[in-house]
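Working notes for the structure below.
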Amino acid sequence: MAVATAIALAACGSAGTQARQASSPSTTPTATQTPTPTPTPTPTATPTPTPTPTQAAKPIPAPAPKPSPAAPAPKPPAAPALSLGGGLAGKVIALDPGHNGRNAQYPAQINALVDAGGFQKACNTTGTASNAGYAEASFTWDVALRAKALLEGAGASVRLSRPSNDGWGPCIDARGRFAADSGAAAMVSIHADGSAEGNRGFHLIQPALKAGWTDDVYDTSATLTRAVRDGLLARGLSPANYIGSGGITARSDLGTLNWSDRPVTMLESGNMRDSQDVALLSSESGRQQIAEGIAAGLAAFFR
């Protein structure tokens, strides 16, 4: 019992001491805690905003360059001054300007059939014309007069198969006989073609070999044809791109050629239905150029 009491008293004393300690302030100063500094926040980099993709603007095409105007075709070099030499003096030459200015007013006469070399053919035709109405008969008459002047200036005598451009005929058979009938040593029949646009250039027609008709002048006519072809080339003219070879062909259906008993050739000076050719044929300078080619060819033939 005494022991229990002692333990109880000891417990009470201990509890009293603890109570006093709890109620009395402590004399030992409490250490002041230094506040932990608030860390400076690391600045966050502001992200660069990603631009919202926008639809690319449609490129405006540069205006197409305007095509440069086509350069004009180079002009052929100027032909040298015409020199016919002295070989024409005393020569008699026939020129046959094709058709006639008033053939259309004489249909009965020009449509009458004649012998064209063992077959029948119309006496003559009206010839062709340019799209603007420039008649072949007017062209051939003008060129014949120019060639006549050049040949006579070199000493030749020239006979024309018709006296003007204000009549009809003559017929193709009479034209063929004209060189021999007039005492001429050779004849050039002057024409112009009426073909399609794009067919251009001159060509010469020599007689085809036709027994009993052209065999007596076949070789010399071929020589004359080449001489006139070369004369035209020398004056800067171009051979046909649509017929013949090198500006020459042969035919057996032309009364003027079949009836001739003298060297003969027929010149188709160009195409009156082609815009380039007709510019040449309808100009005075072009007709003079053709006349000079004819005269140069005849001068070469008689050398």
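Naming works like this for the structure tokens: A, B, ... for the chains as they're shown, residue 1 at the start of each chain, ligands 1 onward in shown order.
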Margin query: Which residues are close to Ala184 of chain A, i.e. within 6 Å by only C-alpha atoms, leaving aside same-chain residues fewer than 5 positions away? Reply as a PyMOL selection string.
Written below: chain A and resi 92-94+179
Next item on the list: Do a neighbour search on Met187 of chain A at 10 Å with only C-alpha atoms, toss out local chain neighbours closer than 2 positions, and write the hits as a list in words.
Entry: Val92, Ile93, Ala94, Leu95, Asp96, Val158, Arg159, Leu160, Ser161, Arg175, Gly176, Phe178, Ala179, Ala180, Ala184, Ala185, Ser189, Ile190, Ser221, Leu224, Leu257, Ser260, Asp261, Arg262, Pro263, Val264, Thr265, Met266 and Leu298 of chain A
Write the residues of the selection above to a file with C-alpha atoms, as an mmCIF file, in the first residue's frame.
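And here is the file that came out, part_26.cif:
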data_model
loop_
_atom_site.group_PDB
_atom_site.id
_atom_site.type_symbol
_atom_site.label_atom_id
_atom_site.label_comp_id
_atom_site.auth_asym_id
_atom_site.auth_seq_id
_atom_site.Cartn_x
_atom_site.Cartn_y
_atom_site.Cartn_z
ATOM 1 C CA VAL A 92 14.431 40.409 -186.335
ATOM 2 C CA ILE A 93 12.531 39.188 -183.287
ATOM 3 C CA ALA A 94 8.838 38.427 -182.809
ATOM 4 C CA LEU A 95 7.059 39.154 -179.524
ATOM 5 C CA ASP A 96 3.594 37.746 -178.961
ATOM 6 C CA VAL A 158 10.856 43.803 -183.258
ATOM 7 C CA ARG A 159 7.531 42.609 -184.655
ATOM 8 C CA LEU A 160 4.427 42.434 -182.429
ATOM 9 C CA SER A 161 1.737 39.828 -183.107
ATOM 10 C CA ARG A 175 0.175 33.576 -183.617
ATOM 11 C CA GLY A 176 2.191 30.400 -184.146
ATOM 12 C CA PHE A 178 3.571 34.893 -187.014
ATOM 13 C CA ALA A 179 7.333 34.550 -186.487
ATOM 14 C CA ALA A 180 7.911 32.943 -189.866
ATOM 15 C CA ALA A 184 11.597 36.864 -187.429
ATOM 16 C CA ALA A 185 14.409 34.568 -186.320
ATOM 17 C CA SER A 189 5.063 34.551 -176.404
ATOM 18 C CA ILE A 190 4.314 36.526 -173.223
ATOM 19 C CA SER A 221 13.373 26.142 -179.029
ATOM 20 C CA LEU A 224 15.927 29.654 -176.566
ATOM 21 C CA LEU A 257 4.023 26.501 -180.082
ATOM 22 C CA SER A 260 5.804 27.859 -185.064
ATOM 23 C CA ASP A 261 8.492 27.261 -187.662
ATOM 24 C CA ARG A 262 10.981 29.385 -185.748
ATOM 25 C CA PRO A 263 12.531 28.815 -182.313
ATOM 26 C CA VAL A 264 9.780 29.694 -179.857
ATOM 27 C CA THR A 265 9.110 29.740 -176.136
ATOM 28 C CA MET A 266 6.096 30.813 -174.070
ATOM 29 C CA LEU A 298 17.176 36.851 -176.449
#
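Atom CA of Ala137 of chain A is positioned 5.1 Å from atom CA of Asn100 of chain A.
Closest to Arg162 of chain A among A:Thr225, A:Gly244, A:Asp230, A:Gly98 is A:Gly98, based on only C-alpha atoms.
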Next item on the list: Name all residues at most 10 Å from Phe139 of chain A (count only C-alpha atoms; drop same-chain ones fewer than 6 positions away) and give them as a ChimeraX atom specification.
Entry: /A:97-98,101,129,165,190-192,269,272,281-283,287
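As for atom CA of Cys123 of chain A and atom CA of Ser195 of chain A, they are spaced 21.8 Å apart.
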Next item on the list: Once DSSP has gone over the backbone, tell me which residues of segment 72-203 of chain A are in strand (DSSP E or B), as a VMD selection string.
Entry: chain A and resid 92 to 97 113 to 115 120 to 122 129 135 157 to 160 186 to 193 202 to 203
